[in-house]
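Colleague: Next comes the structure file input-v5.tsv, holding TSV, C-alpha atoms.
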```
chain	number	residue	atom	x	y	z
E	192	MET	CA	125.16	111.73	96.76
E	193	LYS	CA	122.37	111.47	99.33
E	194	LYS	CA	119.25	109.79	98.00
E	195	VAL	CA	117.43	108.61	101.12
E	196	TYR	CA	115.20	111.20	102.80
E	197	GLY	CA	113.30	111.06	106.06
E	198	SER	CA	109.82	111.86	104.72
E	199	ALA	CA	107.85	112.58	101.57
E	200	THR	CA	107.83	116.29	102.42
E	201	GLU	CA	111.61	116.35	102.71
E	202	ALA	CA	112.07	114.38	99.49
E	203	LEU	CA	109.92	116.86	97.54
E	204	ASP	CA	111.56	119.95	99.02
E	205	GLY	CA	112.61	122.34	96.25
E	206	LEU	CA	111.03	120.26	93.48
E	207	LEU	CA	107.43	121.53	93.45
E	208	PHE	CA	106.13	124.59	91.62
E	209	ASP	CA	102.74	125.74	90.33
E	210	GLY	CA	101.96	124.71	86.76
E	211	MET	CA	104.34	121.74	86.72
E	212	THR	CA	103.83	118.40	84.98
E	213	ILE	CA	103.96	115.25	87.12
E	214	ALA	CA	104.13	111.64	85.92
E	215	ALA	CA	102.58	109.34	88.52
E	216	GLY	CA	102.96	105.56	88.64
E	217	GLY	CA	100.32	103.06	89.64
E	218	PHE	CA	97.24	101.39	88.21
E	219	GLY	CA	93.94	101.91	89.94
E	220	LEU	CA	94.90	101.68	93.62
E	221	CYS	CA	97.79	99.28	92.98
E	222	GLY	CA	101.31	100.60	93.39
E	223	ILE	CA	100.37	104.25	93.73
E	224	PRO	CA	102.77	106.73	95.39
E	225	GLU	CA	100.26	107.64	98.10
E	226	LEU	CA	102.72	109.29	100.52
E	227	LEU	CA	104.12	111.58	97.84
E	228	ILE	CA	100.62	112.45	96.62
E	229	ASP	CA	99.62	113.42	100.16
E	230	ALA	CA	102.75	115.56	100.51
E	231	ILE	CA	101.91	117.39	97.25
E	232	ARG	CA	98.42	118.03	98.61
E	233	ASP	CA	99.84	119.41	101.83
E	234	ALA	CA	102.28	121.63	99.88
E	235	GLY	CA	99.35	123.25	98.07
E	236	THR	CA	101.04	123.13	94.68
E	237	LYS	CA	98.40	123.98	92.06
E	238	ASP	CA	97.63	124.11	88.33
E	239	LEU	CA	99.15	120.66	87.96
E	240	THR	CA	99.20	118.58	84.80
E	241	ILE	CA	99.34	114.91	85.80
E	242	ALA	CA	100.12	112.02	83.49
E	243	SER	CA	98.77	108.85	85.07
E	244	ASN	CA	96.85	105.78	84.01
E	245	ASN	CA	93.95	106.90	86.20
E	246	ALA	CA	92.80	109.52	88.67
E	247	GLY	CA	92.43	107.37	91.77
E	248	VAL	CA	89.19	107.40	93.73
E	249	ASP	CA	87.46	110.24	95.54
E	250	ASP	CA	89.37	109.96	98.83
E	251	PHE	CA	92.57	108.16	97.88
E	252	GLY	CA	95.42	108.41	95.40
E	253	LEU	CA	95.28	111.26	92.91
E	254	GLY	CA	91.67	111.79	93.93
E	255	VAL	CA	92.89	113.77	96.93
E	256	LEU	CA	94.51	116.34	94.61
E	257	LEU	CA	91.32	116.63	92.59
E	258	LYS	CA	89.36	117.18	95.79
E	259	THR	CA	91.57	120.14	96.72
E	260	ARG	CA	91.38	121.55	93.14
E	261	GLN	CA	95.14	121.34	92.63
E	262	VAL	CA	94.92	119.59	89.24
E	263	ARG	CA	94.35	121.58	86.05
E	264	LYS	CA	94.76	118.77	83.52
E	265	MET	CA	94.83	114.97	83.52
E	266	MET	CA	96.54	112.84	80.85
E	267	SER	CA	94.93	109.46	81.47
E	268	SER	CA	93.54	106.30	79.92
E	269	TYR	CA	90.98	105.35	82.58
E	270	VAL	CA	89.03	107.77	84.73
E	271	GLY	CA	86.16	105.68	86.09
E	272	GLU	CA	85.28	105.27	89.78
E	273	ASN	CA	86.01	108.90	90.64
E	274	ALA	CA	82.85	110.98	91.01
E	275	GLU	CA	84.76	114.21	91.69
E	276	PHE	CA	86.77	113.75	88.49
E	277	MET	CA	83.55	113.32	86.52
E	278	ARG	CA	81.97	116.36	88.13
E	279	GLN	CA	84.96	118.62	87.44
E	280	TYR	CA	85.35	117.39	83.87
E	281	LEU	CA	81.67	117.75	82.95
E	282	SER	CA	81.52	121.24	84.49
E	283	GLY	CA	84.59	122.37	82.52
E	284	GLU	CA	86.78	122.81	85.58
E	285	LEU	CA	89.23	120.07	84.58
E	286	GLU	CA	90.99	119.52	81.28
E	287	LEU	CA	91.33	115.92	80.10
E	288	GLU	CA	93.65	114.46	77.48
E	289	PHE	CA	92.48	110.91	76.86
E	290	ASN	CA	95.12	108.36	75.86
E	291	PRO	CA	94.69	104.71	74.92
E	292	GLN	CA	96.39	102.76	77.70
E	293	GLY	CA	99.21	101.36	75.58
E	294	THR	CA	99.78	104.76	73.98
E	295	LEU	CA	100.13	106.42	77.37
E	296	ALA	CA	102.65	103.81	78.51
E	297	GLU	CA	104.62	104.24	75.29
E	298	ARG	CA	104.52	108.04	75.54
E	299	MET	CA	106.13	107.76	78.98
E	300	ARG	CA	108.64	105.18	77.79
E	301	ALA	CA	109.53	107.29	74.76
E	302	GLY	CA	110.02	110.41	76.87
E	303	GLY	CA	112.35	108.53	79.17
E	304	ALA	CA	114.32	107.15	76.23
E	305	GLY	CA	114.79	110.57	74.64
E	306	ILE	CA	112.39	109.82	71.77
E	307	PRO	CA	110.31	112.93	71.01
E	308	GLY	CA	107.49	111.10	69.23
E	309	PHE	CA	106.31	107.93	67.52
E	310	TYR	CA	103.65	106.80	65.07
E	311	THR	CA	100.89	104.38	66.04
E	312	ARG	CA	97.72	102.99	64.46
E	313	THR	CA	95.88	103.13	67.78
E	314	GLY	CA	93.21	105.81	67.68
E	315	VAL	CA	93.19	106.36	63.93
E	316	GLY	CA	89.72	107.42	62.82
E	317	THR	CA	88.61	108.36	66.35
E	318	GLN	CA	88.56	111.53	68.44
E	319	ILE	CA	92.01	110.53	69.71
E	320	ALA	CA	93.43	111.35	66.26
E	321	GLU	CA	91.91	114.81	65.96
E	322	GLY	CA	94.53	117.51	65.44
E	323	LYS	CA	97.40	115.03	65.22
E	324	GLU	CA	99.72	114.48	62.29
E	325	HIS	CA	98.78	111.52	60.08
E	326	LYS	CA	101.27	109.57	58.02
E	327	GLU	CA	101.11	106.45	55.86
E	328	PHE	CA	103.48	103.51	56.26
E	329	GLY	CA	103.03	100.46	54.04
E	330	GLY	CA	99.58	101.57	53.01
E	331	GLU	CA	98.38	101.97	56.61
E	332	THR	CA	97.57	105.26	58.34
E	333	PHE	CA	99.32	106.14	61.60
E	334	ILE	CA	99.11	109.13	63.94
E	335	LEU	CA	101.96	110.92	65.65
E	336	GLU	CA	102.05	110.75	69.44
E	337	ARG	CA	104.46	112.86	71.49
E	338	GLY	CA	106.73	111.45	74.18
E	339	ILE	CA	106.02	112.68	77.71
E	340	VAL	CA	108.78	114.41	79.65
E	341	ALA	CA	107.57	115.42	83.11
E	342	ASP	CA	109.08	117.89	85.53
E	343	LEU	CA	108.73	115.28	88.25
E	344	SER	CA	108.05	111.55	88.50
E	345	ILE	CA	106.48	110.07	91.62
E	346	VAL	CA	106.47	106.28	91.86
E	347	LYS	CA	106.14	103.47	94.39
E	348	ALA	CA	108.12	100.24	94.68
E	349	TRP	CA	108.20	97.33	97.10
E	350	LYS	CA	111.90	97.40	97.92
E	351	ALA	CA	114.97	99.44	96.98
E	352	ASP	CA	118.56	99.80	98.06
E	353	THR	CA	120.02	103.12	99.16
E	354	THR	CA	121.24	103.88	95.62
E	355	GLY	CA	117.70	103.62	94.23
E	356	ASN	CA	117.78	100.21	92.55
E	357	ALA	CA	114.16	99.11	92.91
E	358	ILE	CA	111.93	96.04	92.76
E	359	PHE	CA	108.19	96.27	92.16
E	360	ARG	CA	105.95	93.57	93.60
E	361	LYS	CA	103.83	91.70	91.07
E	362	THR	CA	101.24	93.90	89.29
E	363	ALA	CA	102.45	97.02	91.13
E	364	ARG	CA	105.10	97.11	88.41
E	365	ASN	CA	102.39	98.40	85.99
E	366	PHE	CA	103.02	102.06	85.02
E	367	ASN	CA	105.71	102.70	87.62
E	368	PRO	CA	108.86	101.98	85.54
E	369	PRO	CA	107.91	104.13	82.50
E	370	ALA	CA	106.60	106.89	84.76
E	371	ALA	CA	109.86	106.87	86.73
E	372	LYS	CA	111.99	107.17	83.61
E	373	CYS	CA	110.16	110.05	81.94
E	374	GLY	CA	110.66	112.60	84.71
E	375	LYS	CA	113.48	115.13	84.87
E	376	VAL	CA	113.59	114.23	88.58
E	377	CYS	CA	112.27	110.98	90.07
E	378	VAL	CA	111.20	110.53	93.68
E	379	LEU	CA	110.52	106.97	94.79
E	380	GLU	CA	108.65	105.70	97.85
E	381	VAL	CA	109.15	102.12	99.01
E	382	GLU	CA	108.08	99.75	101.75
E	383	GLU	CA	111.64	98.73	102.58
E	384	ILE	CA	115.13	100.16	101.99
E	385	VAL	CA	118.12	97.82	102.09
E	386	GLU	CA	121.86	98.20	101.72
E	387	PRO	CA	123.61	98.05	98.31
E	388	GLY	CA	124.44	94.49	97.27
E	389	THR	CA	121.38	93.05	99.02
E	390	LEU	CA	119.21	92.91	95.91
E	391	ASP	CA	119.84	90.34	93.20
E	392	PRO	CA	120.73	92.43	90.10
E	393	ASP	CA	118.60	90.11	87.95
E	394	HIS	CA	115.54	91.06	90.02
E	395	VAL	CA	115.94	94.84	89.73
E	396	HIS	CA	113.16	96.41	87.64
E	397	LEU	CA	114.29	100.04	87.89
E	398	PRO	CA	118.01	100.91	87.97
E	399	GLY	CA	119.02	103.48	90.55
E	400	ILE	CA	120.34	105.81	87.85
E	401	TYR	CA	116.74	106.90	87.28
E	402	VAL	CA	116.04	107.63	90.97
E	403	ASN	CA	117.07	110.95	92.50
E	404	ARG	CA	115.43	110.67	95.92
E	405	LEU	CA	113.67	107.95	97.89
E	406	ILE	CA	111.77	107.43	101.11
E	407	GLN	CA	110.51	104.51	103.16
E	408	GLY	CA	107.05	104.53	104.68
E	409	GLN	CA	103.97	102.68	105.79
E	410	HIS	CA	101.36	102.19	103.10
E	411	GLU	CA	97.65	101.53	103.15
E	412	LYS	CA	96.58	98.34	101.37
E	413	ARG	CA	93.34	99.05	99.56
E	414	ILE	CA	91.21	96.80	97.38
E	415	GLU	CA	89.74	98.71	94.46
E	416	GLN	CA	86.61	96.62	93.88
E	417	ARG	CA	84.60	94.09	95.83
E	418	THR	CA	82.45	91.45	94.16
E	419	THR	CA	79.72	89.68	96.08
E	420	ARG	CA	77.53	86.75	95.11
E	421	ALA	CA	74.22	85.71	96.60
E	422	ALA	CA	74.04	82.23	98.10
```
Output the structure of this file as structure tokens.

Modeller:
Amino acid sequence: MKKVYGSATEALDGLLFDGMTIAAGGFGLCGIPELLIDAIRDAGTKDLTIASNNAGVDDFGLGVLLKTRQVRKMMSSYVGENAEFMRQYLSGELELEFNPQGTLAERMRAGGAGIPGFYTRTGVGTQIAEGKEHKEFGGETFILERGIVADLSIVKAWKADTTGNAIFRKTARNFNPPAAKCGKVCVLEVEEIVEPGTLDPDHVHLPGIYVNRLIQGQHEKRIEQRTTRAA
């Protein structure tokens, strides 16, 4: 079965539709599937629900989809550093489902493992718990969180073989593996594609069974924050 495609546009062909849910890997500007995000922007797919740790920045990452008003709802744990996100949310144009960071990661992991929900103490007694089922275990109160199953996963890795076995470089591993696993279809972008047998099996972070399509491309290396100090 063919997995390697010539471009992000080709890899997403037939997978996009208005109103879909997308799980996106990455943390801040680290390990984000920028080529696939740009291709979704160019496709004009709208009314998107996106599960991602964050919403990028104004002109990069998921921020480009917010700029073009293609996102209806974000499921995120951190939404700072994006002025357009803030503007749309405060004006009521964008729906936001806040998730504690660990809860979001576990919701993705659970969805990929076929687990429909789980109980956690995180968020009990806060706005996060409003409207959710509460249950006691061992005298402690827990809330029910639902696993996330997305229509599409878009993720980025450092290197993969042609069957989709992938390695993430350092902290770019972040949300990419759970995001990849919770999608009904997973499209992966990488910096380098190699032949099967090239990668050490012990170094593979994401087995190719989870990857349906992949592309190789050039990526922009951005630094999210800069700290300066006076002499």

Colleague: Using only C-alpha atoms, which of the listed residues (E:Ile334, E:Ile223, E:Ala199, E:Leu295) sits closest to Arg364 (chain E)?

Modeller: E:Ile223

Colleague: What separation in Å, quoted to one decimal, exists between CA of Asp250 (chain E) and CA of Leu281 (chain E)?

Modeller: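 These two atoms are separated by 19.3 Å.
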
Colleague: Just want the 10 Å neighbourhood of Asn273 (chain E), counted on only C-alpha atoms, with same-chain residues fewer than 3 positions away dropped. Output as a PDB file with C-alpha atoms, in the coordinates of the input.

Modeller:
```pdb
ATOM      1  CA  ASN E 245      93.950 106.900  86.200  1.00  0.00           C
ATOM      2  CA  ALA E 246      92.800 109.520  88.670  1.00  0.00           C
ATOM      3  CA  GLY E 247      92.430 107.370  91.770  1.00  0.00           C
ATOM      4  CA  VAL E 248      89.190 107.400  93.730  1.00  0.00           C
ATOM      5  CA  ASP E 249      87.460 110.240  95.540  1.00  0.00           C
ATOM      6  CA  ASP E 250      89.370 109.960  98.830  1.00  0.00           C
ATOM      7  CA  PHE E 251      92.570 108.160  97.880  1.00  0.00           C
ATOM      8  CA  LEU E 253      95.280 111.260  92.910  1.00  0.00           C
ATOM      9  CA  GLY E 254      91.670 111.790  93.930  1.00  0.00           C
ATOM     10  CA  LEU E 257      91.320 116.630  92.590  1.00  0.00           C
ATOM     11  CA  VAL E 270      89.030 107.770  84.730  1.00  0.00           C
ATOM     12  CA  PHE E 276      86.770 113.750  88.490  1.00  0.00           C
ATOM     13  CA  MET E 277      83.550 113.320  86.520  1.00  0.00           C
ATOM     14  CA  ARG E 278      81.970 116.360  88.130  1.00  0.00           C
TER      15      ARG E 278
END
```

Colleague: For Cys221 (chain E), which of E:Gly399, E:Gly197, E:Gly252, E:Gly322 is the closest residue, counting all atoms listed in the file?

Modeller: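 For Cys221 (chain E), the nearest of the given residues is E:Gly252.
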
Colleague: Write out as a PyMOL selection string the residues lying within 8 Å of Val381 (chain E), counting only C-alpha atoms and excluding same-chain residues fewer than 4 positions away.

Modeller: chain E and resi 347-351+405-408

Colleague: If I take CA of Lys375 (chain E) and CA of Phe289 (chain E), how far is one from the other in Å, to one decimal?

Modeller: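 Computing it gives 22.9 Å between the two atoms.
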
Colleague: Nearest to Thr354 (chain E) among E:His325, E:Ile319, E:Ala371, E:Lys193, with distances taken over all atoms listed in the file: which residue is it?

Modeller: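 That would be E:Lys193, the residue with the smallest distance to Thr354 (chain E).
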
Colleague: With all atoms listed in the file as the basis for distance, which of E:Ser243, E:Asn365, E:Thr212, E:Ser344 is at the shortest distance from Gly303 (chain E)?

Modeller: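 Checking each of E:Ser243, E:Asn365, E:Thr212, E:Ser344 against Gly303 (chain E), counting all atoms listed in the file, the winner is E:Ser344.
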
Colleague: Using only C-alpha atoms, which protein or nucleic acid residues come within 9 Å of region 201-209 of chain E? Drop anything in the same chain fewer than 3 positions from it, and give the result as a list in words.

Modeller: Lys194, Val195, Tyr196, Gly197, Ser198, Leu227, Ala230, Ile231, Ala234, Gly235, Thr236, Lys237, Asp238, Leu239, Asp342, Leu343, Val376, Val378, Leu379, Arg404, Leu405 and Ile406 of chain E

Colleague: For those residues, write C-alpha atoms to a file as a compact mmCIF listing (two decimals), in the coordinates of the input.

Modeller:
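Generated output (result_39.txt):
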```txt
# COMPACT_ATOMS: atom_id res chain seq x y z
CA LYS E 194 119.25 109.79 98.00
CA VAL E 195 117.43 108.61 101.12
CA TYR E 196 115.20 111.20 102.80
CA GLY E 197 113.30 111.06 106.06
CA SER E 198 109.82 111.86 104.72
CA LEU E 227 104.12 111.58 97.84
CA ALA E 230 102.75 115.56 100.51
CA ILE E 231 101.91 117.39 97.25
CA ALA E 234 102.28 121.63 99.88
CA GLY E 235 99.35 123.25 98.07
CA THR E 236 101.04 123.13 94.68
CA LYS E 237 98.40 123.98 92.06
CA ASP E 238 97.63 124.11 88.33
CA LEU E 239 99.15 120.66 87.96
CA ASP E 342 109.08 117.89 85.53
CA LEU E 343 108.73 115.28 88.25
CA VAL E 376 113.59 114.23 88.58
CA VAL E 378 111.20 110.53 93.68
CA LEU E 379 110.52 106.97 94.79
CA ARG E 404 115.43 110.67 95.92
CA LEU E 405 113.67 107.95 97.89
CA ILE E 406 111.77 107.43 101.11
```

Colleague: Rank E:Glu383, E:Glu288, E:Ile339, E:Gly308 by their smallest atom-to-atom distance to Glu324 (chain E), using only C-alpha atoms, and report the top residue only.

Modeller: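 The closest residue to Glu324 (chain E) is E:Gly308.
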
Colleague: So that I can see what lies close to Pro392 (chain E), please list as a ChimeraX atom specification the residues with an atom at most 12 Å from it, counting all atoms listed in the file and leaving out residues fewer than 2 positions away in the same chain.

Modeller: /E:351-352,356-358,387-390,394-399

Colleague: Kindly give the distance, in Å, that separates CA of Gln261 (chain E) and CA of Leu285 (chain E), rounded to a single decimal.

Modeller: 10.1 Å
